[in-house]
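Here is input.cif, consisting of mmCIF, C-alpha atoms:
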data_target
#
loop_
_atom_site.label_atom_id
_atom_site.label_comp_id
_atom_site.auth_asym_id
_atom_site.auth_seq_id
_atom_site.Cartn_x
_atom_site.Cartn_y
_atom_site.Cartn_z
CA MET A 1 9.26 100.28 94.85
CA ARG A 2 10.90 100.52 98.24
CA ARG A 3 8.16 100.14 100.84
CA ILE A 4 7.98 103.09 103.25
CA ASP A 5 7.40 102.59 106.96
CA TYR A 6 5.45 105.72 107.84
CA ASP A 7 5.74 104.95 111.56
CA THR A 8 9.48 105.65 111.36
CA GLU A 9 9.71 107.85 108.26
CA GLN A 10 7.85 110.97 107.17
CA TYR A 11 5.09 110.98 109.80
CA GLN A 12 6.64 113.95 111.67
CA HIS A 13 6.56 116.23 108.63
CA TYR A 14 3.89 114.64 106.46
CA ALA A 15 0.98 116.90 107.47
CA ARG A 16 3.02 120.03 106.80
CA GLY A 17 4.70 118.74 103.67
CA ARG A 18 1.47 117.57 102.05
CA ALA A 19 -0.97 120.17 103.38
CA LEU A 20 -3.59 121.65 101.06
CA SER A 21 -4.87 125.22 101.19
CA GLU A 22 -8.60 125.87 101.52
CA PRO A 23 -8.89 126.79 97.81
CA GLN A 24 -7.12 123.54 96.89
CA LEU A 25 -9.39 121.51 99.15
CA ARG A 26 -12.47 123.19 97.66
CA THR A 27 -11.24 122.38 94.16
CA TRP A 28 -10.90 118.70 94.99
CA ILE A 29 -14.20 118.51 96.86
CA SER A 30 -15.91 120.07 93.83
CA ALA A 31 -14.27 117.48 91.58
CA PHE A 32 -15.47 114.66 93.85
CA GLU A 33 -18.95 116.17 94.10
CA ALA A 34 -19.25 116.14 90.31
CA VAL A 35 -18.92 112.33 90.18
CA LEU A 36 -20.82 111.35 93.34
CA PRO A 37 -24.59 111.00 93.86
CA GLU A 38 -26.42 114.20 94.79
CA ARG A 39 -28.16 112.78 97.86
CA ARG A 40 -26.79 113.50 101.32
CA PRO A 41 -25.48 112.16 103.55
CA LEU A 42 -23.11 109.77 101.83
CA ALA A 43 -21.07 107.30 103.85
CA GLY A 44 -17.43 107.46 102.77
CA LEU A 45 -14.08 105.78 103.17
CA ASP A 46 -10.76 107.62 102.93
CA VAL A 47 -8.45 104.71 102.14
CA GLY A 48 -4.85 105.54 102.95
CA SER A 49 -6.03 108.59 104.88
CA GLY A 50 -2.57 109.41 106.22
CA THR A 51 -2.64 112.44 108.50
CA GLY A 52 -6.21 113.23 107.51
CA ARG A 53 -5.76 116.01 105.00
CA PHE A 54 -9.00 115.04 103.20
CA THR A 55 -11.06 113.19 105.81
CA PRO A 56 -12.62 116.18 107.65
CA ALA A 57 -13.33 117.98 104.36
CA LEU A 58 -15.10 114.89 103.04
CA ALA A 59 -17.15 114.71 106.26
CA ARG A 60 -18.17 118.37 105.95
CA ALA A 61 -19.17 117.99 102.32
CA PHE A 62 -20.77 114.56 102.13
CA GLY A 63 -21.36 112.96 105.52
CA PRO A 64 -19.67 110.45 107.86
CA VAL A 65 -16.24 109.24 106.78
CA THR A 66 -13.94 106.51 108.02
CA GLY A 67 -10.25 107.06 107.42
CA VAL A 68 -8.44 103.75 106.89
CA GLU A 69 -4.71 103.98 107.56
CA PRO A 70 -2.12 101.29 108.45
CA ALA A 71 0.47 103.58 110.07
CA VAL A 72 -0.12 104.22 113.79
CA ARG A 73 1.72 107.54 113.87
CA MET A 74 -0.14 108.84 110.84
CA ARG A 75 -3.49 107.96 112.46
CA GLU A 76 -2.44 109.60 115.71
CA THR A 77 -1.60 112.79 113.85
CA ALA A 78 -4.92 112.71 112.03
CA GLN A 79 -6.86 112.23 115.24
CA ALA A 80 -4.98 115.07 116.93
CA GLN A 81 -4.98 117.59 114.08
CA SER A 82 -7.82 116.68 111.71
CA SER A 83 -10.76 116.11 114.02
CA HIS A 84 -14.40 116.29 112.91
CA PRO A 85 -17.43 114.77 114.64
CA ASP A 86 -18.30 112.77 111.50
CA ALA A 87 -14.75 111.53 110.87
CA ARG A 88 -13.12 108.54 112.51
CA TYR A 89 -9.86 106.71 111.86
CA VAL A 90 -9.22 102.98 111.98
CA ALA A 91 -6.25 100.68 111.44
CA GLY A 92 -6.44 98.94 108.09
CA SER A 93 -5.36 98.90 104.49
CA ALA A 94 -6.92 98.72 101.04
CA GLU A 95 -6.56 94.94 101.21
CA ASP A 96 -8.14 94.59 104.67
CA MET A 97 -10.64 97.17 105.92
CA PRO A 98 -12.37 96.70 109.30
CA VAL A 99 -15.74 97.97 108.07
CA PRO A 100 -18.97 96.09 107.26
CA SER A 101 -19.67 94.84 103.77
CA GLY A 102 -21.74 97.19 101.63
CA SER A 103 -21.48 100.01 104.16
CA ALA A 104 -19.99 102.82 102.05
CA ASP A 105 -21.32 104.90 99.17
CA TYR A 106 -17.85 105.88 97.99
CA ALA A 107 -14.16 105.40 98.69
CA LEU A 108 -11.39 107.88 98.04
CA MET A 109 -7.84 106.74 97.38
CA PHE A 110 -5.70 109.84 97.03
CA LEU A 111 -2.13 109.02 96.00
CA SER A 112 -2.23 105.76 97.95
CA TRP A 113 -2.85 103.17 95.21
CA HIS A 114 0.87 102.80 94.44
CA HIS A 115 1.48 101.75 98.07
CA VAL A 116 -0.94 98.81 97.84
CA GLN A 117 1.02 95.57 97.97
CA ASP A 118 -1.70 93.13 96.84
CA LYS A 119 -3.70 95.08 94.26
CA PRO A 120 -6.02 92.24 93.11
CA ARG A 121 -7.00 91.66 96.73
CA ALA A 122 -7.61 95.40 97.18
CA VAL A 123 -9.91 95.43 94.13
CA GLN A 124 -12.00 92.71 95.78
CA GLU A 125 -11.95 94.37 99.20
CA LEU A 126 -13.06 97.71 97.77
CA ALA A 127 -15.94 95.93 96.05
CA ARG A 128 -16.86 94.29 99.35
CA VAL A 129 -17.09 97.49 101.39
CA LEU A 130 -18.94 99.55 98.77
CA ARG A 131 -22.66 99.29 98.15
CA PRO A 132 -23.74 98.18 94.65
CA GLY A 133 -23.20 101.21 92.43
CA GLY A 134 -20.74 102.73 94.91
CA ARG A 135 -17.94 104.87 93.50
CA LEU A 136 -14.18 104.67 93.85
CA LEU A 137 -12.40 108.00 93.39
CA LEU A 138 -8.87 107.04 92.40
CA ARG A 139 -6.47 109.97 92.37
CA ALA A 140 -3.36 108.19 91.24
CA ASN A 141 -0.44 108.89 88.98
CA PHE A 142 -0.21 106.56 86.01
CA ARG A 143 2.97 105.76 84.15
CA ASP A 144 1.49 107.07 80.89
CA HIS A 145 -0.55 109.90 82.46
CA HIS A 146 1.91 111.46 84.86
CA PRO A 147 1.86 115.17 85.82
CA LEU A 148 5.72 115.30 85.92
CA PRO A 149 6.22 118.36 88.18
CA TRP A 150 8.82 120.89 87.09
CA TRP A 151 11.32 120.04 89.84
CA LEU A 152 11.58 116.34 88.98
CA GLU A 153 14.14 116.73 86.20
CA HIS A 154 16.65 118.23 88.64
CA PHE A 155 17.13 114.83 90.27
CA PRO A 156 19.30 112.15 88.66
CA ARG A 157 16.99 109.52 87.17
CA GLY A 158 14.11 111.59 88.55
CA VAL A 159 11.56 111.02 85.80
CA GLU A 160 12.60 107.38 85.34
CA VAL A 161 12.36 106.58 89.04
CA ASP A 162 9.12 108.43 89.69
CA THR A 163 7.21 107.03 86.73
CA SER A 164 8.37 103.51 87.63
CA LEU A 165 6.35 103.73 90.86
CA PHE A 166 3.06 103.72 88.97
CA GLN A 167 1.09 101.39 86.72
CA PRO A 168 -0.04 102.50 83.25
CA LEU A 169 -3.67 103.61 83.14
CA HIS A 170 -4.84 100.71 80.95
CA GLU A 171 -3.42 98.20 83.42
CA VAL A 172 -5.32 99.73 86.35
CA ILE A 173 -8.53 99.86 84.34
CA GLU A 174 -8.15 96.24 83.23
CA MET A 175 -7.57 95.13 86.81
CA PHE A 176 -10.86 96.68 87.93
CA THR A 177 -13.05 95.99 84.90
CA SER A 178 -12.04 92.33 84.79
CA ALA A 179 -13.42 92.11 88.34
CA GLY A 180 -16.76 93.60 87.33
CA TRP A 181 -16.18 97.31 87.89
CA ARG A 182 -16.92 99.91 85.23
CA VAL A 183 -15.20 103.20 84.45
CA THR A 184 -17.50 106.18 84.90
CA GLY A 185 -15.01 108.96 84.32
CA PHE A 186 -11.43 110.01 83.75
CA GLY A 187 -10.15 113.57 83.74
CA THR A 188 -7.72 115.93 85.35
CA VAL A 189 -7.93 118.47 88.15
CA THR A 190 -5.69 121.53 88.40
CA GLU A 191 -5.09 122.74 91.94
CA PRO A 192 -5.00 126.52 92.37
CA SER A 193 -1.84 127.73 94.05
CA ASP A 194 -0.04 130.94 94.91
CA ALA A 195 3.16 129.08 95.85
CA THR A 196 6.50 130.39 94.66
CA LEU A 197 9.48 128.33 93.53
CA ALA A 198 11.02 128.94 96.96
CA ASP A 199 7.86 127.69 98.70
CA VAL A 200 7.96 124.45 96.71
CA LEU A 201 11.63 123.96 97.52
CA GLU A 202 10.96 124.34 101.25
CA ARG A 203 8.24 121.69 101.09
CA LEU A 204 10.41 119.33 99.09
CA ARG A 205 13.11 119.60 101.76
CA LEU A 206 10.72 117.85 104.15
CA ARG A 207 11.03 114.78 101.85
CA THR A 208 7.45 113.62 102.35
CA LEU A 209 7.12 112.23 98.81
CA SER A 210 7.55 108.50 98.14
CA PHE A 211 9.92 109.46 95.34
CA PHE A 212 12.75 110.43 97.68
CA ALA A 213 12.83 107.02 99.34
CA GLN A 214 13.59 105.42 95.96
CA LEU A 215 16.82 107.39 95.34
CA ASP A 216 20.29 106.91 96.73
CA PRO A 217 21.34 109.62 99.24
CA ASP A 218 23.89 110.97 96.75
CA GLU A 219 21.17 111.33 94.11
CA VAL A 220 18.93 113.19 96.55
CA GLU A 221 21.70 115.60 97.51
CA ALA A 222 22.70 116.20 93.88
CA GLY A 223 19.10 116.90 93.00
CA PHE A 224 18.66 119.43 95.78
CA ARG A 225 21.87 121.22 94.80
CA SER A 226 20.62 121.52 91.22
CA LEU A 227 17.17 122.62 92.38
CA GLU A 228 18.59 125.20 94.78
CA ARG A 229 20.66 126.77 91.99
CA ALA A 230 17.61 126.98 89.75
CA VAL A 231 15.36 128.48 92.44
CA ALA A 232 18.03 130.99 93.53
CA ALA A 233 17.79 132.64 90.10
CA ASP A 234 14.19 133.74 90.80
CA PRO A 235 12.85 132.43 94.14
CA GLY A 236 9.69 134.54 94.03
CA ALA A 237 8.55 133.29 90.64
CA PRO A 238 5.18 131.50 90.68
CA ALA A 239 5.51 127.73 90.75
CA PRO A 240 4.05 126.13 87.59
CA LEU A 241 0.67 124.44 87.99
CA PHE A 242 -0.02 120.97 86.64
CA SER A 243 -3.10 118.87 86.09
CA GLU A 244 -3.61 115.73 88.18
CA PRO A 245 -5.45 112.59 86.99
CA LEU A 246 -8.67 111.39 88.61
CA LEU A 247 -10.17 108.03 87.63
CA THR A 248 -13.72 107.19 88.77
CA LEU A 249 -14.92 103.60 88.90
CA GLU A 250 -18.26 102.12 89.86
CA ARG A 251 -18.79 98.86 91.74
CA SER A 252 -20.99 96.41 89.89
CA ARG A 253 -24.66 96.55 90.82
#
Rewritten as structure tokens:
Amino acid sequence: MRRIDYDTEQYQHYARGRALSEPQLRTWISAFEAVLPERRPLAGLDVGSGTGRFTPALARAFGPVTGVEPAVRMRETAQAQSSHPDARYVAGSAEDMPVPSGSADYALMFLSWHHVQDKPRAVQELARVLRPGGRLLLRANFRDHHPLPWWLEHFPRGVEVDTSLFQPLHEVIEMFTSAGWRVTGFGTVTEPSDATLADVLERLRLRTLSFFAQLDPDEVEAGFRSLERAVAADPGAPAPLFSEPLLTLERSR
């Protein structure tokens, strides 16, 4: 996978390209609530928090949250646009988080696991920062459990390239369980959406998905030409929904 420097790429459009509607946010918060302890407040970590699309919502729902993000420009955007009195943002990564040991009840990693360079180290660091029995909410794509959005097949090598970015589910589970974690749940979440095909195309043009950085420029252009022809046939048609995987793991007690 080509590593993306979010301080020079994507940060300008990321918040807009990856924004969630209030119904979508509520759907995800409900999914997280179903696998977290009932007591409040809960201290949380949003690992790979980006421009803060989840951090304030987590703070509203569960309690104080620390967003951990390595990219300066992404953190600056989060602080400017996604403020909440119980949310703060710090420089760090899944492998190196500047927070005390055993200080968090849960950690969310939402589509950031595939960016982690040293995954075994991240497994250990996540165990360090969570309290015994703390939960990791891992919203990741897996090579063998991939949502495969409808537009992907319009890009040359689209499915091949995108699935290659992710580990198979069993490999991720083995990495955690061999370090003492246990799986507490695996399922899918379907985001509600009233987006049309044309809406999806406009967001894709912002190129805020890791996928686009893995293609040659000619492949990207060819894909958009194909996608534009398909959307032009019925731009107002509802965009198909798809179910997204959520793996929940518990730190050893």
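Residues matched by the PyMOL selection byres ((chain A and resi 248) around 7) in this file: Arg135, Leu136, Leu137, Leu138, Val183, Thr184, Gly185, Phe186, Leu246, Leu247, Leu249 and Glu250 of chain A.
Across the chains present, the PyMOL selection byres ((chain A and resi 51) around 8) applied to this file returns Tyr11, Tyr14, Ala15, Ser49, Gly50, Gly52, Arg53, Met74, Arg75, Glu76, Thr77, Ala78, Gln79, Gln81 and Ser82 of chain A.
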Please evaluate the PyMOL selection byres ((chain A and resi 252) around 8) against the displayed coordinates and give the resulting residues as a ChimeraX atom specification. /A:127,132-133,180-182,250-251,253
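With all atoms listed in the file as the atoms that count, the residue of A:Ser101, A:Thr188, A:Ser210, A:Thr55 with the shortest distance to Ser83 in chain A is A:Thr55.
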Residues within 6 Å of Pro64 in chain A, please, as an MDAnalysis selection string. Count all atoms listed in the file; anything in the same chain fewer than 4 positions from it doesn't count. chainID A and resid 43 59 86:87
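Proximity ranking of A:Met1, A:Val129, A:Val172, A:Val189 relative to Trp28 in chain A places A:Val189 first, based on all atoms listed in the file.
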Give me the range 174-222 of chain A side of the contact with range 152-167 of chain A, cut-off 8 Å, one line per residue showing its nearest atom pair and distance in Å at one decimal, counting only C-alpha atoms, sorted by chain and residue number, as CSV.
residue,atom,partner,partner_atom,distance
A:Phe211,CA,A:Asp162,CA,5.8
A:Gln214,CA,A:Val161,CA,7.1
A:Leu215,CA,A:Val161,CA,7.8
A:Glu219,CA,A:Pro156,CA,5.8
A:Val220,CA,A:Phe155,CA,6.7
A:Ala222,CA,A:Phe155,CA,6.8
Write the residues you've just listed into a file as a PDB file, in the frame of the given file, and include C-alpha atoms for each of them.
ATOM      1  CA  PHE A 211       9.920 109.460  95.340  1.00  0.00           C
ATOM      2  CA  GLN A 214      13.590 105.420  95.960  1.00  0.00           C
ATOM      3  CA  LEU A 215      16.820 107.390  95.340  1.00  0.00           C
ATOM      4  CA  GLU A 219      21.170 111.330  94.110  1.00  0.00           C
ATOM      5  CA  VAL A 220      18.930 113.190  96.550  1.00  0.00           C
ATOM      6  CA  ALA A 222      22.700 116.200  93.880  1.00  0.00           C
TER       7      ALA A 222
END
For a quick check of understanding, using all atoms listed in the file, which of A:Glu221, A:Asp46, A:Glu125, A:Asp199 has the smallest distance to Leu111 in chain A? A:Asp46
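For the pair CA of Ile4 in chain A and CA of Pro168 in chain A, the interatomic distance is 21.6 Å.
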Among the residues A:Val90, A:Val123, A:Ala19, A:Ala198, the one that comes closest to Ile173 in chain A [using all atoms listed in the file]: A:Val123
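Taking CA of Arg2 in chain A and CA of Ala213 in chain A as the two end points, the separation is 6.9 Å.
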Please provide the set of residues having any atom within 7 Å of Ala195 in chain A, restricted to only C-alpha atoms, with same-chain residues fewer than 3 positions apart removed, written as an MDAnalysis selection string. chainID A and resid 199:200 238:239
Skip Leu201 in chain A itself and residues of its chain fewer than 6 positions away, then list as a ChimeraX atom specification all residues within 10 Å of it, counting all atoms listed in the file. /A:151,224,227-228,231,235,239
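By only C-alpha atoms, and with residues fewer than 5 positions from Leu209 in chain A along its chain excluded, the set lying at most 10 Å from it is Gln10, Tyr14, Gly17, Arg18, Arg203, Leu204 and Gln214 of chain A.
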